[in-house]
Amino acid sequence: GEKPFRKWLAGCFEAVGGLLQLDFESDLDDYNACLDKLVELNEGGELSDRKAINEAIEKLYAAPNPQADNQVQLMTIHKSKGLEFDTVILPNLDRTPPNVEQALLKWTEVVDEQGRANQLLAISKETGKETDEVYQYINYLDKRKAEYEAQRVLYVAATRAKSKLYLFGNVTSSEKEESGIKPANKRSYLGLMWDGVIENATVKNCDIQYSAEKELPIYESRFIKRSNIEKVEFAPVSEFSEASNEQEYLDSLETVQELSDSDYASLEFNQVVEQASSVGSVIHRQLEWLSKRWNPAFEFTDNWPEIIKGQLLQEGIDKGLVETQAEKVMAAIHTTLSSDFGKFVLTDRESAQSELVLHKKLEGGHFLTRIIDRTFIDDNTRWIIDYKSSVPDQGESLEHFIQRERALYQEQITDYFNMFVKLEEHPTKAGLYFPLIDHFELMLESDSDC
């Protein structure tokens, strides 16, 4: 049968060694976003409009680096709804929304004095002719709705701040105005609150000078290797580009060197690592959910495996591997809930927290962020648990495996331990829990109150 365009495109990218250029920890989301955009632009299995493709790719944004800490989070106003932050920064408030094109047909619902809903419908007149009053009235209502929506969105943005709110926007000087500043466009967020902020605003003059020469930006965007693109775009003309026609140019190209066995081995290793990371993320997600809901009478629903499969697909696990990886996640959950220690960890307590974020202040104003999988106080002792979905390699003894894992995570657990020791006066225990093999490895312990 016919292969889906996305699968065909991904196959081509892999065949030329493209996946070898990706750091799966940070680039996979960008790679998939680019594929999705190209699938959206394809027409009958072809990408014919090169200009549209370039413009669409330019508008893509790199996904957040999952390795980064959460000192600064960049998001849209809509995505921030329901969240709160100590400090919120709102930039570019002077920007105005795009003009709405005049629609051929407009309609709306209005309520009369008796509370009855009535439908209004109007058709736009030809260009140059006066539009009828019903069309103008509906247009007026639409503008008012847009203003109210803009006010609502701005309110959502401003109320995300718990302590400090910084508002930024560009303004233009004007000798005609008493304040010396031209009022912001009323359609912009800055225009909506202009009268309330202009008197207390701090205005900084910026003398921007533009160079006549075109400067190439030297930066590298994850997935879109921008610097490499521009190196190609402005590279010296080669002898091949002077060919008389396209076929002559293609005939003159040298055969592409095939990937070596070591290249494929490296790619396969990275895929295995990425797969294990995805499975681990789902196990963490499931254990966090269970920690809020588990009790001795807890029972799994019939669709639980399907929920796990859906989460694995969201993490990027290939459909052909979802079944086996879902079994691994279920095994981790069943093992944990069959274990006395696993149930001890998941038991709900007033002091218990999952995915707890802590910040450690470093020199130079920097911070180290740590996210603790599970922590609680039991019998006056603080427990710090870090989940690990790894298992011993084939033929590896448990003793050797634990020794290897301790070496990998000693620094991380030490940071967790020291943070709590400084925060509170409790005996503290910190260690790794391996749900797939039901083993808890105690790494650090304070014997008495600190």
# chains A, B, ... in the order shown; residues from 1 in each chain; ligands from 1

$ residues_around --residues "segment 111-121 of chain A" --least-positions-apart "3" --cutoff "9 Å" --atoms "only C-alpha atoms" --output "ChimeraX atom specification"
/A:105-108,134-135,138

$ closest_residue --among "A:Leu9, A:Leu165, A:Pro4, A:Asp36" --to "Glu84 of chain A" --atoms "only C-alpha atoms"
A:Leu165

$ closest_residue --among "A:Leu93, A:Ala103, A:Leu423, A:Ile181" --to "Gly169 of chain A" --atoms "only C-alpha atoms"
A:Leu93

$ select_by_dssp --residues "segment 345-449 of chain A" --states "helix (DSSP H, G or I)" --output "PyMOL selection string"
chain A and resi 345-346+363-365+398-423

$ residues_around --residues "Asp415 of chain A" --least-positions-apart "3" --cutoff "10 Å" --atoms "only C-alpha atoms" --output "list in words"
Lys360, Leu368, Thr369, Arg370, Gln410, Glu411, Gln412, Asn418, Met419, Phe420 and Val421 of chain A

$ write_last_selection --atoms "N, CA and C atoms" --output "short mmCIF file (atom, residue, chain, number, x, y, z; two decimals), in the first residue's frame"
data_model
loop_
_atom_site.label_atom_id
_atom_site.label_comp_id
_atom_site.auth_asym_id
_atom_site.auth_seq_id
_atom_site.Cartn_x
_atom_site.Cartn_y
_atom_site.Cartn_z
N LYS A 360 18.60 25.73 44.97
CA LYS A 360 19.79 25.95 45.78
C LYS A 360 20.56 27.13 45.21
N LEU A 368 20.65 26.32 41.49
CA LEU A 368 20.58 24.93 41.08
C LEU A 368 19.19 24.42 41.43
N THR A 369 18.49 23.87 40.46
CA THR A 369 17.13 23.37 40.68
C THR A 369 17.13 21.85 40.74
N ARG A 370 16.47 21.32 41.73
CA ARG A 370 16.33 19.88 41.87
C ARG A 370 14.85 19.53 42.00
N GLN A 410 25.13 9.61 43.13
CA GLN A 410 25.59 10.03 44.45
C GLN A 410 25.52 11.55 44.61
N GLU A 411 25.99 12.29 43.62
CA GLU A 411 25.98 13.75 43.70
C GLU A 411 24.56 14.30 43.76
N GLN A 412 23.68 13.73 42.95
CA GLN A 412 22.28 14.18 42.92
C GLN A 412 21.61 13.95 44.27
N ASN A 418 21.30 17.42 51.41
CA ASN A 418 21.81 18.65 52.02
C ASN A 418 20.77 19.76 52.03
N MET A 419 19.95 19.83 50.97
CA MET A 419 18.91 20.85 50.92
C MET A 419 17.94 20.71 52.08
N PHE A 420 17.50 19.48 52.35
CA PHE A 420 16.53 19.27 53.42
C PHE A 420 17.17 19.43 54.80
N VAL A 421 18.40 19.00 54.94
CA VAL A 421 19.09 19.14 56.22
C VAL A 421 19.18 20.61 56.62
#

$ residues_around --residues "Lys162 of chain A" --least-positions-apart "3" --cutoff "10 Å" --atoms "only C-alpha atoms" --output "list in words"
Glu84, Phe85, Asp86, Thr87, Val88, Ala158, Thr159 and Leu165 of chain A

$ atom_distance --atom1 "atom CA of Asn92 of chain A" --atom2 "atom CA of Tyr140 of chain A"
26.6 Å

$ closest_residue --among "A:His439, A:Lys343, A:Arg152, A:Lys51" --to "Glu399 of chain A" --atoms "only C-alpha atoms"
A:His439

$ atom_distance --atom1 "atom CA of Thr76 of chain A" --atom2 "atom CA of Ser277 of chain A"
27.3 Å

$ select_by_dssp --residues "segment 317-359 of chain A" --states "strand (DSSP E or B)" --output "ChimeraX atom specification"
/A:353-359

$ closest_residue --among "A:Thr172, A:Asn205, A:Ser278, A:Ser338" --to "Lys309 of chain A" --atoms "only C-alpha atoms"
A:Ser278
